[in-house]
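One file, my_file-v7.pdb, carrying PDB, C-alpha atoms:
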```
ATOM      1  CA  MET C   1      16.060  19.793 -13.668
ATOM      2  CA  PHE C   2      17.982  19.843 -10.356
ATOM      3  CA  LYS C   3      15.990  16.861  -9.143
ATOM      4  CA  TYR C   4      17.183  14.721 -12.070
ATOM      5  CA  TYR C   5      20.762  15.907 -11.585
ATOM      6  CA  PHE C   6      20.767  14.717  -7.963
ATOM      7  CA  ILE C   7      19.113  11.394  -8.828
ATOM      8  CA  ASN C   8      21.611  10.769 -11.669
ATOM      9  CA  LYS C   9      24.510  11.511  -9.350
ATOM     10  CA  PHE C  10      23.064   9.181  -6.703
ATOM     11  CA  ASN C  11      22.486   6.335  -9.185
ATOM     12  CA  LYS C  12      26.038   6.560 -10.545
ATOM     13  CA  LYS C  13      27.297   6.193  -6.989
ATOM     14  CA  TYR C  14      25.021   3.382  -5.719
ATOM     15  CA  ALA C  15      22.965   1.621  -8.416
ATOM     16  CA  GLY C  16      24.186  -1.896  -9.203
ATOM     17  CA  LYS C  17      26.418  -2.168  -6.123
ATOM     18  CA  GLU C  18      25.930  -4.991  -3.622
ATOM     19  CA  LEU C  19      25.302  -3.322  -0.267
ATOM     20  CA  MET C  20      23.095  -3.706   2.809
ATOM     21  CA  PHE C  21      19.739  -2.500   1.538
ATOM     22  CA  CYS C  22      15.965  -2.795   1.794
ATOM     23  CA  PRO C  23      13.509  -1.742  -0.963
ATOM     24  CA  ARG C  24      11.466   0.114   1.668
ATOM     25  CA  ILE C  25      14.239   2.709   1.845
ATOM     26  CA  TYR C  26      13.028   3.874  -1.585
ATOM     27  CA  GLU C  27       9.366   2.934  -1.425
ATOM     28  CA  ASP C  28       7.927   3.662   2.053
ATOM     29  CA  ILE C  29       7.128   6.714   4.147
ATOM     30  CA  LEU C  30       5.474   6.990   7.565
ATOM     31  CA  PHE C  31       3.902  10.105   9.120
ATOM     32  CA  TRP C  32       3.832  10.116  12.932
ATOM     33  CA  PRO C  33       2.490  12.888  15.215
ATOM     34  CA  PHE C  34       5.854  14.602  15.771
ATOM     35  CA  SER C  35       8.142  13.071  13.156
ATOM     36  CA  VAL C  36       8.407  11.471   9.719
ATOM     37  CA  HIS C  37      10.010   8.043   9.286
ATOM     38  CA  LYS C  38      10.974   5.804   6.401
ATOM     39  CA  CYS C  39       8.740   2.807   7.112
ATOM     40  CA  CYS C  40       6.415   1.256   9.667
ATOM     41  CA  TYR C  41       8.240  -2.074   9.982
ATOM     42  CA  CYS C  42       9.854  -2.647  13.341
ATOM     43  CA  THR C  43      11.813  -5.414  15.032
ATOM     44  CA  LYS C  44      12.311  -3.394  18.231
ATOM     45  CA  ALA C  45      15.859  -2.381  17.320
ATOM     46  CA  LYS C  46      17.029   0.974  18.683
ATOM     47  CA  ASN C  47      16.606   3.257  15.657
ATOM     48  CA  ILE C  48      13.896   1.470  13.712
ATOM     49  CA  PRO C  49      12.159   2.805  11.732
ATOM     50  CA  PRO C  50      14.788   5.293  10.494
ATOM     51  CA  ILE C  51      13.992   8.961  10.949
ATOM     52  CA  LEU C  52      13.497  11.371   8.062
ATOM     53  CA  SER C  53      12.469  14.393  10.114
ATOM     54  CA  LEU C  54      12.078  15.169  13.821
ATOM     55  CA  TYR C  55       9.544  17.908  13.229
ATOM     56  CA  PRO C  56       6.175  17.935  11.445
ATOM     57  CA  PRO C  57       6.734  19.475   7.981
ATOM     58  CA  LYS C  58       4.453  22.105   6.459
ATOM     59  CA  LYS C  59       5.495  21.217   2.916
ATOM     60  CA  PHE C  60       7.266  18.265   1.371
ATOM     61  CA  ASN C  61      10.890  19.050   0.540
ATOM     62  CA  PHE C  62      12.182  16.494  -1.969
ATOM     63  CA  TYR C  63      15.853  17.497  -1.598
ATOM     64  CA  GLU C  64      15.812  17.145   2.167
ATOM     65  CA  TYR C  65      14.018  13.813   1.788
ATOM     66  CA  PHE C  66      16.531  12.608  -0.809
ATOM     67  CA  SER C  67      19.511  13.545   1.389
ATOM     68  CA  HIS C  68      18.059  11.310   4.112
ATOM     69  CA  ILE C  69      17.825   8.388   1.669
ATOM     70  CA  GLU C  70      21.577   8.613   1.086
ATOM     71  CA  ARG C  71      22.243   9.042   4.822
ATOM     72  CA  ILE C  72      20.224   5.891   5.615
ATOM     73  CA  ILE C  73      22.022   3.842   2.943
ATOM     74  CA  ASN C  74      25.467   4.972   4.149
ATOM     75  CA  SER C  75      24.556   4.355   7.779
ATOM     76  CA  ASN C  76      23.413   0.803   7.001
ATOM     77  CA  GLN C  77      26.862  -0.120   5.719
ATOM     78  CA  THR C  78      28.195   0.228   9.287
ATOM     79  CA  THR C  79      27.763  -2.081  12.279
ATOM     80  CA  HIS C  80      25.421   0.436  13.920
ATOM     81  CA  GLY C  81      23.222   1.382  10.968
ATOM     82  CA  VAL C  82      19.804   2.928  11.449
ATOM     83  CA  CYS C  83      18.172  -0.305  10.196
ATOM     84  CA  THR C  84      20.511  -2.715  12.020
ATOM     85  CA  GLY C  85      18.461  -5.459  13.648
ATOM     86  CA  CYS C  86      15.629  -5.389  11.109
ATOM     87  CA  LYS C  87      15.178  -8.698   9.317
ATOM     88  CA  PHE C  88      14.369  -6.908   6.048
ATOM     89  CA  LEU C  89      17.844  -5.338   5.801
ATOM     90  CA  GLN C  90      19.926  -7.670   3.616
ATOM     91  CA  LYS C  91      22.934  -7.553   1.307
ATOM     92  CA  GLN C  92      21.638  -7.128  -2.233
ATOM     93  CA  LYS C  93      22.173  -5.261  -5.478
ATOM     94  CA  ILE C  94      20.869  -1.715  -5.128
ATOM     95  CA  PRO C  95      18.406  -0.741  -7.885
ATOM     96  CA  PRO C  96      18.445   2.726  -9.482
ATOM     97  CA  PHE C  97      16.437   5.324  -7.581
ATOM     98  CA  PRO C  98      13.326   6.079  -9.698
ATOM     99  CA  TYR C  99      12.896   9.531 -11.203
ATOM    100  CA  GLU C 100       9.191   9.548 -10.389
ATOM    101  CA  LYS C 101       6.548   7.645  -8.429
ATOM    102  CA  GLN C 102       8.931   6.296  -5.786
ATOM    103  CA  ILE C 103       6.425   5.906  -2.947
ATOM    104  CA  LYS C 104       4.546   2.587  -2.963
ATOM    105  CA  PHE C 105       3.561   2.350   0.717
ATOM    106  CA  LEU C 106       2.443   5.374   2.727
ATOM    107  CA  THR C 107       1.399   5.165   6.373
ATOM    108  CA  VAL C 108      -0.976   7.748   7.857
ATOM    109  CA  ASN C 109      -0.230   7.634  11.583
ATOM    110  CA  HIS C 110      -0.123  11.316  12.587
ATOM    111  CA  PHE C 111      -2.796  11.082  15.285
ATOM    112  CA  THR C 112      -3.307   9.082  18.492
ATOM    113  CA  LYS C 113      -7.012   9.709  19.147
ATOM    114  CA  CYS C 114      -8.661   6.338  19.759
ATOM    115  CA  ASN C 115     -11.907   4.872  21.088
ATOM    116  CA  SER C 116     -10.208   1.701  22.347
ATOM    117  CA  ASN C 117      -7.451   1.150  24.901
ATOM    118  CA  CYS C 118      -5.670  -2.039  23.842
ATOM    119  CA  ILE C 119      -3.387  -3.361  26.552
ATOM    120  CA  TYR C 120      -0.503  -3.948  24.132
ATOM    121  CA  CYS C 121      -0.689  -0.496  22.504
ATOM    122  CA  GLY C 122       2.445   1.629  22.920
ATOM    123  CA  ILE C 123       0.517   4.931  22.780
ATOM    124  CA  ASP C 124      -0.087   6.405  26.232
ATOM    125  CA  LYS C 125      -2.162   9.432  25.252
ATOM    126  CA  LYS C 126      -5.119   8.371  23.131
ATOM    127  CA  THR C 127      -6.852  11.760  22.897
ATOM    128  CA  ASP C 128      -4.710  13.681  20.398
ATOM    129  CA  ASP C 129      -6.053  14.659  17.008
ATOM    130  CA  PRO C 130      -3.422  15.534  14.348
ATOM    131  CA  LYS C 131      -0.818  18.084  15.461
ATOM    132  CA  TYR C 132      -0.323  19.136  11.840
ATOM    133  CA  ARG C 133      -2.262  19.027   8.583
ATOM    134  CA  LEU C 134      -1.163  16.103   6.439
ATOM    135  CA  LEU C 135      -3.333  16.787   3.393
ATOM    136  CA  PRO C 136      -1.239  19.771   2.120
ATOM    137  CA  ILE C 137       1.902  17.601   2.384
ATOM    138  CA  LEU C 138       0.241  14.808   0.414
ATOM    139  CA  LYS C 139      -0.798  17.321  -2.250
ATOM    140  CA  ASP C 140       2.836  18.464  -2.493
ATOM    141  CA  MET C 141       3.967  14.867  -2.934
ATOM    142  CA  PHE C 142       1.466  14.350  -5.747
ATOM    143  CA  LYS C 143       2.536  17.596  -7.393
ATOM    144  CA  GLN C 144       6.137  16.357  -7.304
ATOM    145  CA  LYS C 145       4.996  13.040  -8.868
ATOM    146  CA  MET C 146       6.245  10.970  -5.944
ATOM    147  CA  ILE C 147       3.210   8.739  -5.369
ATOM    148  CA  ASN C 148       3.107   5.546  -7.415
ATOM    149  CA  LYS C 149      -0.272   4.656  -8.940
ATOM    150  CA  GLU C 150       0.070   1.234  -7.223
ATOM    151  CA  CYS C 151       0.721   2.851  -3.824
ATOM    152  CA  LEU C 152      -1.083   1.418  -0.788
ATOM    153  CA  VAL C 153      -2.029   3.921   1.908
ATOM    154  CA  ASN C 154      -2.018   2.275   5.328
ATOM    155  CA  TRP C 155      -4.097   3.983   8.041
ATOM    156  CA  GLY C 156      -2.843   3.370  11.595
ATOM    157  CA  GLY C 157      -3.416   5.545  14.619
ATOM    158  CA  GLY C 158      -5.279   5.888  16.863
ATOM    159  CA  GLU C 159      -8.611   5.097  15.314
ATOM    160  CA  PRO C 160      -8.782   6.451  11.726
ATOM    161  CA  VAL C 161     -12.570   6.886  11.658
ATOM    162  CA  ILE C 162     -12.461   9.534  14.433
ATOM    163  CA  CYS C 163      -9.416  11.386  13.046
ATOM    164  CA  SER C 164     -10.475  14.907  11.955
ATOM    165  CA  GLU C 165      -8.648  14.528   8.604
ATOM    166  CA  PHE C 166     -10.040  11.075   7.823
ATOM    167  CA  GLU C 167     -12.782  12.154   5.413
ATOM    168  CA  GLU C 168     -10.644  14.733   3.582
ATOM    169  CA  ILE C 169      -7.652  12.449   3.126
ATOM    170  CA  THR C 170      -9.644   9.351   2.166
ATOM    171  CA  GLN C 171     -11.578  11.332  -0.457
ATOM    172  CA  PHE C 172      -8.312  12.797  -1.803
ATOM    173  CA  PHE C 173      -6.870   9.317  -2.333
ATOM    174  CA  ILE C 174     -10.152   8.017  -3.781
ATOM    175  CA  LYS C 175     -10.050  10.901  -6.297
ATOM    176  CA  HIS C 176      -6.567   9.748  -7.347
ATOM    177  CA  ASN C 177      -7.644   6.086  -7.413
ATOM    178  CA  ILE C 178      -5.129   5.112  -4.702
ATOM    179  CA  ARG C 179      -5.851   2.048  -2.569
ATOM    180  CA  GLN C 180      -6.298   2.464   1.192
ATOM    181  CA  ALA C 181      -6.087  -0.094   4.000
ATOM    182  CA  ILE C 182      -7.900   1.019   7.146
ATOM    183  CA  ASN C 183      -6.863  -0.494  10.482
ATOM    184  CA  SER C 184      -9.915   0.111  12.640
ATOM    185  CA  SER C 185     -11.089  -0.791  16.126
ATOM    186  CA  GLY C 186     -14.483  -1.494  14.539
ATOM    187  CA  ILE C 187     -16.302   0.339  17.338
ATOM    188  CA  GLU C 188     -17.656   3.119  15.128
ATOM    189  CA  PHE C 189     -19.199   2.131  11.801
ATOM    190  CA  SER C 190     -18.073   4.176   8.793
ATOM    191  CA  GLU C 191     -20.192   4.676   5.678
ATOM    192  CA  THR C 192     -17.031   5.951   3.931
ATOM    193  CA  ILE C 193     -15.312   2.637   4.581
ATOM    194  CA  LEU C 194     -18.368   0.691   3.447
ATOM    195  CA  GLN C 195     -18.480   2.578   0.136
ATOM    196  CA  GLY C 196     -14.717   2.082  -0.247
ATOM    197  CA  LEU C 197     -15.152  -1.656   0.235
ATOM    198  CA  LYS C 198     -17.976  -1.672  -2.298
ATOM    199  CA  THR C 199     -15.802  -0.098  -5.012
ATOM    200  CA  GLY C 200     -12.716  -2.109  -4.031
ATOM    201  CA  ILE C 201     -10.594   1.014  -3.438
ATOM    202  CA  MET C 202     -10.453   0.304   0.333
ATOM    203  CA  SER C 203      -9.947  -2.629   2.653
ATOM    204  CA  VAL C 204     -10.552  -2.690   6.396
ATOM    205  CA  GLN C 205      -8.824  -4.734   9.073
ATOM    206  CA  ILE C 206     -10.328  -5.163  12.551
ATOM    207  CA  SER C 207      -8.610  -6.980  15.426
ATOM    208  CA  PRO C 208     -11.022  -8.329  18.047
ATOM    209  CA  ASP C 209      -8.169 -10.572  19.313
ATOM    210  CA  SER C 210     -10.717 -12.786  21.039
ATOM    211  CA  GLY C 211     -13.780 -14.915  20.616
ATOM    212  CA  THR C 212     -15.358 -14.125  23.972
ATOM    213  CA  GLU C 213     -16.551 -10.929  25.630
ATOM    214  CA  GLU C 214     -14.474 -11.623  28.748
ATOM    215  CA  THR C 215     -11.149 -11.827  26.871
ATOM    216  CA  TYR C 216     -12.063  -8.870  24.659
ATOM    217  CA  LYS C 217     -12.663  -6.666  27.726
ATOM    218  CA  LYS C 218      -9.377  -7.794  29.272
ATOM    219  CA  ILE C 219      -7.359  -6.907  26.152
ATOM    220  CA  LYS C 220      -9.246  -3.870  24.842
ATOM    221  CA  ARG C 221     -10.096  -2.392  28.256
ATOM    222  CA  GLN C 222     -13.542  -1.326  27.047
ATOM    223  CA  ASN C 223     -16.776  -3.202  26.447
ATOM    224  CA  ASN C 224     -17.788  -3.048  22.773
ATOM    225  CA  PHE C 225     -17.395  -6.725  21.911
ATOM    226  CA  TYR C 226     -20.871  -7.198  20.410
ATOM    227  CA  LYS C 227     -20.893  -3.789  18.693
ATOM    228  CA  VAL C 228     -17.593  -4.592  16.946
ATOM    229  CA  TRP C 229     -18.882  -7.931  15.655
ATOM    230  CA  GLU C 230     -22.103  -6.232  14.475
ATOM    231  CA  ASN C 231     -20.000  -3.778  12.455
ATOM    232  CA  ILE C 232     -17.824  -6.601  11.128
ATOM    233  CA  LYS C 233     -21.016  -8.231   9.862
ATOM    234  CA  LYS C 234     -22.014  -4.975   8.081
ATOM    235  CA  TYR C 235     -18.615  -4.684   6.387
ATOM    236  CA  ALA C 236     -18.819  -8.377   5.424
ATOM    237  CA  GLN C 237     -21.297  -7.398   2.671
ATOM    238  CA  TYR C 238     -18.038  -6.912   0.735
ATOM    239  CA  THR C 239     -16.148  -9.771   2.288
ATOM    240  CA  ASP C 240     -13.179  -9.785  -0.100
ATOM    241  CA  MET C 241     -12.070  -6.427   1.313
ATOM    242  CA  LEU C 242     -12.553  -7.293   5.017
ATOM    243  CA  PHE C 243      -9.814  -8.808   7.197
ATOM    244  CA  VAL C 244     -10.347  -9.875  10.800
ATOM    245  CA  LYS C 245      -7.216 -10.273  12.880
ATOM    246  CA  TYR C 246      -6.257 -12.255  15.968
ATOM    247  CA  ILE C 247      -3.096 -10.960  17.668
ATOM    248  CA  PHE C 248      -1.742 -13.888  19.675
ATOM    249  CA  PHE C 249      -0.117 -13.397  23.070
ATOM    250  CA  SER C 250      -0.474 -14.764  26.602
ATOM    251  CA  LEU C 251      -3.827 -13.076  27.392
ATOM    252  CA  ASN C 252      -5.778 -14.749  24.563
ATOM    253  CA  ALA C 253      -3.857 -17.999  24.138
ATOM    254  CA  ASN C 254      -6.581 -20.531  24.857
ATOM    255  CA  GLU C 255      -8.628 -22.965  22.780
ATOM    256  CA  ASN C 256     -11.996 -21.567  23.829
ATOM    257  CA  ASP C 257     -11.302 -18.089  22.454
ATOM    258  CA  ILE C 258      -9.866 -19.513  19.251
ATOM    259  CA  ASN C 259     -12.861 -21.752  18.610
ATOM    260  CA  LYS C 260     -15.289 -18.937  19.430
ATOM    261  CA  PHE C 261     -13.348 -16.491  17.226
ATOM    262  CA  ILE C 262     -13.686 -18.826  14.235
ATOM    263  CA  GLU C 263     -17.399 -19.279  15.030
ATOM    264  CA  LYS C 264     -17.907 -15.491  15.177
ATOM    265  CA  CYS C 265     -16.120 -15.094  11.833
ATOM    266  CA  ILE C 266     -18.341 -17.723  10.208
ATOM    267  CA  ASP C 267     -21.519 -16.248  11.713
ATOM    268  CA  SER C 268     -20.541 -12.749  10.561
ATOM    269  CA  GLY C 269     -19.768 -13.771   6.976
ATOM    270  CA  VAL C 270     -16.002 -13.181   7.278
ATOM    271  CA  LYS C 271     -13.857 -14.919   4.650
ATOM    272  CA  HIS C 272     -10.352 -13.599   5.460
ATOM    273  CA  ILE C 273      -8.510 -13.826   8.787
ATOM    274  CA  VAL C 274      -5.025 -12.682   9.809
ATOM    275  CA  ILE C 275      -3.034 -14.816  12.254
ATOM    276  CA  ASP C 276      -0.784 -12.310  14.006
ATOM    277  CA  CYS C 277       1.283 -12.085  17.196
ATOM    278  CA  GLU C 278       1.952  -9.298  19.666
ATOM    279  CA  SER C 279       5.133  -7.519  18.563
ATOM    280  CA  ASN C 280       6.734  -7.112  21.997
ATOM    281  CA  SER C 281       6.132 -10.740  22.884
ATOM    282  CA  ALA C 282       7.723 -11.825  19.596
ATOM    283  CA  ASN C 283      10.819  -9.638  19.788
ATOM    284  CA  ASN C 284      11.446  -8.522  23.362
ATOM    285  CA  PRO C 285      12.531 -11.123  25.948
ATOM    286  CA  ARG C 286      11.388  -8.702  28.672
ATOM    287  CA  SER C 287       7.876  -8.265  27.294
ATOM    288  CA  PRO C 288       5.331  -7.646  30.086
ATOM    289  CA  PHE C 289       3.169 -10.361  28.513
ATOM    290  CA  GLY C 290       5.896 -12.986  28.333
ATOM    291  CA  PRO C 291       7.378 -14.498  25.166
ATOM    292  CA  ILE C 292       5.708 -16.260  22.257
ATOM    293  CA  ASP C 293       6.101 -19.815  23.554
ATOM    294  CA  ASP C 294       5.332 -23.286  22.172
ATOM    295  CA  ASN C 295       1.773 -23.158  23.519
ATOM    296  CA  ILE C 296       1.011 -19.949  21.594
ATOM    297  CA  ILE C 297       2.587 -21.331  18.408
ATOM    298  CA  ASN C 298       0.526 -24.537  18.731
ATOM    299  CA  LEU C 299      -2.650 -22.477  19.169
ATOM    300  CA  ALA C 300      -1.786 -20.419  16.077
ATOM    301  CA  CYS C 301      -1.408 -23.731  14.212
ATOM    302  CA  LEU C 302      -4.844 -24.734  15.526
ATOM    303  CA  MET C 303      -6.360 -21.512  14.183
ATOM    304  CA  LYS C 304      -4.831 -22.156  10.777
ATOM    305  CA  LYS C 305      -6.290 -25.697  10.710
ATOM    306  CA  LEU C 306      -9.721 -24.414  11.769
ATOM    307  CA  ALA C 307      -9.546 -21.772   9.027
ATOM    308  CA  ILE C 308      -8.820 -24.428   6.395
ATOM    309  CA  LYS C 309     -11.563 -26.681   7.764
ATOM    310  CA  ASN C 310     -14.107 -23.852   7.546
ATOM    311  CA  ASN C 311     -13.004 -22.519   4.132
ATOM    312  CA  LEU C 312     -11.577 -19.293   5.558
ATOM    313  CA  GLN C 313      -8.643 -17.662   3.799
ATOM    314  CA  TYR C 314      -5.788 -16.978   6.206
ATOM    315  CA  GLU C 315      -2.676 -14.823   6.247
ATOM    316  CA  ILE C 316       0.244 -15.310   8.634
ATOM    317  CA  SER C 317       1.640 -11.938   9.697
ATOM    318  CA  TYR C 318       5.246 -10.822   9.199
ATOM    319  CA  GLN C 319       5.385 -10.052  12.956
ATOM    320  CA  TRP C 320       6.101 -13.708  13.781
ATOM    321  CA  ARG C 321       9.733 -14.674  14.099
ATOM    322  CA  ASP C 322      10.812 -16.507  10.944
ATOM    323  CA  GLU C 323      11.217 -19.851  12.716
ATOM    324  CA  HIS C 324       7.759 -19.553  14.311
ATOM    325  CA  LYS C 325       6.122 -18.496  11.040
ATOM    326  CA  LYS C 326       7.622 -21.550   9.325
ATOM    327  CA  ILE C 327       6.125 -23.882  11.961
ATOM    328  CA  ILE C 328       2.660 -22.364  11.460
ATOM    329  CA  GLU C 329       2.961 -22.499   7.662
ATOM    330  CA  ASN C 330       3.942 -26.169   7.764
ATOM    331  CA  ALA C 331       1.337 -27.217  10.337
TER     332      ALA C 331
END
```

Output the file's structure in the form of structure tokens.
Amino acid sequence: MFKYYFINKFNKKYAGKELMFCPRIYEDILFWPFSVHKCCYCTKAKNIPPILSLYPPKKFNFYEYFSHIERIINSNQTTHGVCTGCKFLQKQKIPPFPYEKQIKFLTVNHFTKCNSNCIYCGIDKKTDDPKYRLLPILKDMFKQKMINKECLVNWGGGEPVICSEFEEITQFFIKHNIRQAINSSGIEFSETILQGLKTGIMSVQISPDSGTEETYKKIKRQNNFYKVWENIKKYAQYTDMLFVKYIFFSLNANENDINKFIEKCIDSGVKHIVIDCESNSANNPRSPFGPIDDNIINLACLMKKLAIKNNLQYEISYQWRDEHKKIIENA
């Protein structure tokens, strides 16, 4: 009863007004090791993504969560809003806040344990398992009817397969028929992922970021190049649910790696690739890897053309700056 009272009051105040807004303020939630945030989208602005809680919760408190929604909306009407600098924040008519099933994108990112050591990764300590149990919180959210049946659960990390809660949480979402996207290093093969791909309830994305062992070792700082491609080939039994990504930046921007990457995809039975770019290089002029320059954009265009030539489906990531993405799309 109180929940509906607060939502009605909120909707009378905001719904239908033209304000600075992003649908993710209603629809997304991100669980990190020591905090909870609104979304996982980031353009390297100071406060992005906006904070919901600075401490790991034991239960999900809807009223506390809802108060943060209003705080974020009010903040974004100022020149120093919590989402200022994000390209997704735009002036638009605010829709009514839904009474149920608000969450359509949920990111599981509450662990840092990983079996790779990617050079561009912002996580320093890659040995930490979850600091808190997420499953009880997810159960609370379901009990409060917050999770939309069309919700996509995005697994980050860390490496999901070696997270101690991976099996429990994946099975919980499978039971509720909720889709899951697993972002994996591909080093350790997972039978759970394979079965998820088979039923279509899961997808997996692996980022070798290279076509040669030498470049892979330089970027990943470990030597599992051939093992990763072997596991990609196993997952490719269900190729519609497998996505292989190339994150462009200065260390892999060469024609040889691009040609070899496409060859490895073809040999492994891959049908879907993601043409991405390193976030710091795209958004930070002081990136340690240098900026996304014309050479990198031209090589991304080359990858797109090779994908078309070899009947590979391609996706161009949102991480690219809009002007760069347009060049690749029109190439």

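Of the residues listed (C:Glu191, C:Ala282, C:Phe10, C:Glu70), C:Ala282 shows the shortest atom-to-atom separation from C:Glu323; distances use all atoms listed in the file.
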
Test item: residues at most 10 Å from C:Ile73, all atoms listed in the file, excluding those fewer than 3 positions along its chain, as an NGL selection string
:C and (14 or 19-22 or 25 or 68-70 or 76-78 or 81-83 or 94)

For the interface of stretch 21-63 of chain C with stretch 109-117 of chain C (cut-off 10 Å, counting only C-alpha atoms), please tabulate each contacting residue of stretch 21-63 of chain C alongside its nearest pair of atoms and their separation in Å to one decimal, rows sorted by chain and increasing number, as a Markdown table.
```
| residue | atom | partner | partner_atom | distance |
| --- | --- | --- | --- | --- |
| C:Leu30 | CA | C:Asn109 | CA | 7.0 |
| C:Phe31 | CA | C:Asn109 | CA | 5.4 |
| C:Trp32 | CA | C:His110 | CA | 4.1 |
| C:Pro33 | CA | C:His110 | CA | 4.0 |
| C:Phe34 | CA | C:His110 | CA | 7.5 |
| C:Ser35 | CA | C:His110 | CA | 8.5 |
| C:Val36 | CA | C:His110 | CA | 9.0 |
| C:Cys40 | CA | C:Asn109 | CA | 9.4 |
| C:Pro56 | CA | C:His110 | CA | 9.2 |
```

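Of the residues listed (C:Lys143, C:His80, C:Lys87, C:Lys175), C:Lys143 shows the shortest atom-to-atom separation from C:Phe62; distances use only C-alpha atoms.
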
Selection dump of the PyMOL selection byres ((chain C and resi 321) around 12), as a ChimeraX atom specification:
/C:43,86-87,276-284,291-293,297,316-320,322-328

Would you translate the PyMOL selection byres ((chain C and resi 211-221) around 10) into the concrete set of residues it matches in this file, as a ChimeraX atom specification?
/C:115-121,185,207-210,222-226,229,246,251-253,255-265

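Take the candidates C:Gly157, C:Gly16, C:Pro130, C:Pro285 and check each one against C:Pro96 using only C-alpha atoms; the shortest distance goes to C:Gly16.
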
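Among the candidates C:Lys309, C:Arg179, C:Lys271, C:Lys17, the residue lying nearest to C:Gln92 is C:Lys17 (atoms considered: all atoms listed in the file).
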
Exercise: C:Leu106 partners within 7 Å, all atoms listed in the file, chain neighbours under 6 positions left out, as a ChimeraX atom specification:
/C:28-30,152-154

Filtering to C-alpha atoms, could you give me those residues as a PDB file, in the coordinates of the input?
```
ATOM      1  CA  ASP C  28       7.927   3.662   2.053  1.00  0.00           C
ATOM      2  CA  ILE C  29       7.128   6.714   4.147  1.00  0.00           C
ATOM      3  CA  LEU C  30       5.474   6.990   7.565  1.00  0.00           C
ATOM      4  CA  LEU C 152      -1.083   1.418  -0.788  1.00  0.00           C
ATOM      5  CA  VAL C 153      -2.029   3.921   1.908  1.00  0.00           C
ATOM      6  CA  ASN C 154      -2.018   2.275   5.328  1.00  0.00           C
TER       7      ASN C 154
END
```

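Each of C:Val228, C:Ile72, C:Ile296, C:Leu242 was compared to C:His272 using only C-alpha atoms, and C:Leu242 turns out to be the nearest.
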
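For the residues C:Asn148, C:Asn231, C:Asn295, C:Ser250, ranking by smallest atom-to-atom distance to C:Val270 using all atoms listed in the file places C:Asn231 first.
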
May I have the residues at most 9 Å from (-1.8, -2.2, -6.2) in the file's coordinates, counting only C-alpha atoms, as a PDB file with C-alpha atoms, keeping the file's coordinate frame?
```
ATOM      1  CA  LYS C 104       4.546   2.587  -2.963  1.00  0.00           C
ATOM      2  CA  LYS C 149      -0.272   4.656  -8.940  1.00  0.00           C
ATOM      3  CA  GLU C 150       0.070   1.234  -7.223  1.00  0.00           C
ATOM      4  CA  CYS C 151       0.721   2.851  -3.824  1.00  0.00           C
ATOM      5  CA  LEU C 152      -1.083   1.418  -0.788  1.00  0.00           C
ATOM      6  CA  ILE C 178      -5.129   5.112  -4.702  1.00  0.00           C
ATOM      7  CA  ARG C 179      -5.851   2.048  -2.569  1.00  0.00           C
TER       8      ARG C 179
END
```

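In this structure, atom CA of C:Pro49 sits 6.2 Å away from atom CA of C:His37.
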
Set the distance at 12 Å and use only C-alpha atoms: which residues neighbour C:Phe189 once local chain neighbours fewer than 6 positions away are removed? I'd like the list as a PDB file with C-alpha atoms, in the frame of the given file.
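The new file out-v9.pdb reads:
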```pdb
ATOM      1  CA  GLU C 159      -8.611   5.097  15.314  1.00  0.00           C
ATOM      2  CA  PRO C 160      -8.782   6.451  11.726  1.00  0.00           C
ATOM      3  CA  VAL C 161     -12.570   6.886  11.658  1.00  0.00           C
ATOM      4  CA  ILE C 162     -12.461   9.534  14.433  1.00  0.00           C
ATOM      5  CA  GLN C 195     -18.480   2.578   0.136  1.00  0.00           C
ATOM      6  CA  VAL C 204     -10.552  -2.690   6.396  1.00  0.00           C
ATOM      7  CA  ILE C 206     -10.328  -5.163  12.551  1.00  0.00           C
ATOM      8  CA  LYS C 227     -20.893  -3.789  18.693  1.00  0.00           C
ATOM      9  CA  VAL C 228     -17.593  -4.592  16.946  1.00  0.00           C
ATOM     10  CA  TRP C 229     -18.882  -7.931  15.655  1.00  0.00           C
ATOM     11  CA  GLU C 230     -22.103  -6.232  14.475  1.00  0.00           C
ATOM     12  CA  ASN C 231     -20.000  -3.778  12.455  1.00  0.00           C
ATOM     13  CA  ILE C 232     -17.824  -6.601  11.128  1.00  0.00           C
ATOM     14  CA  LYS C 233     -21.016  -8.231   9.862  1.00  0.00           C
ATOM     15  CA  LYS C 234     -22.014  -4.975   8.081  1.00  0.00           C
ATOM     16  CA  TYR C 235     -18.615  -4.684   6.387  1.00  0.00           C
TER      17      TYR C 235
END
```
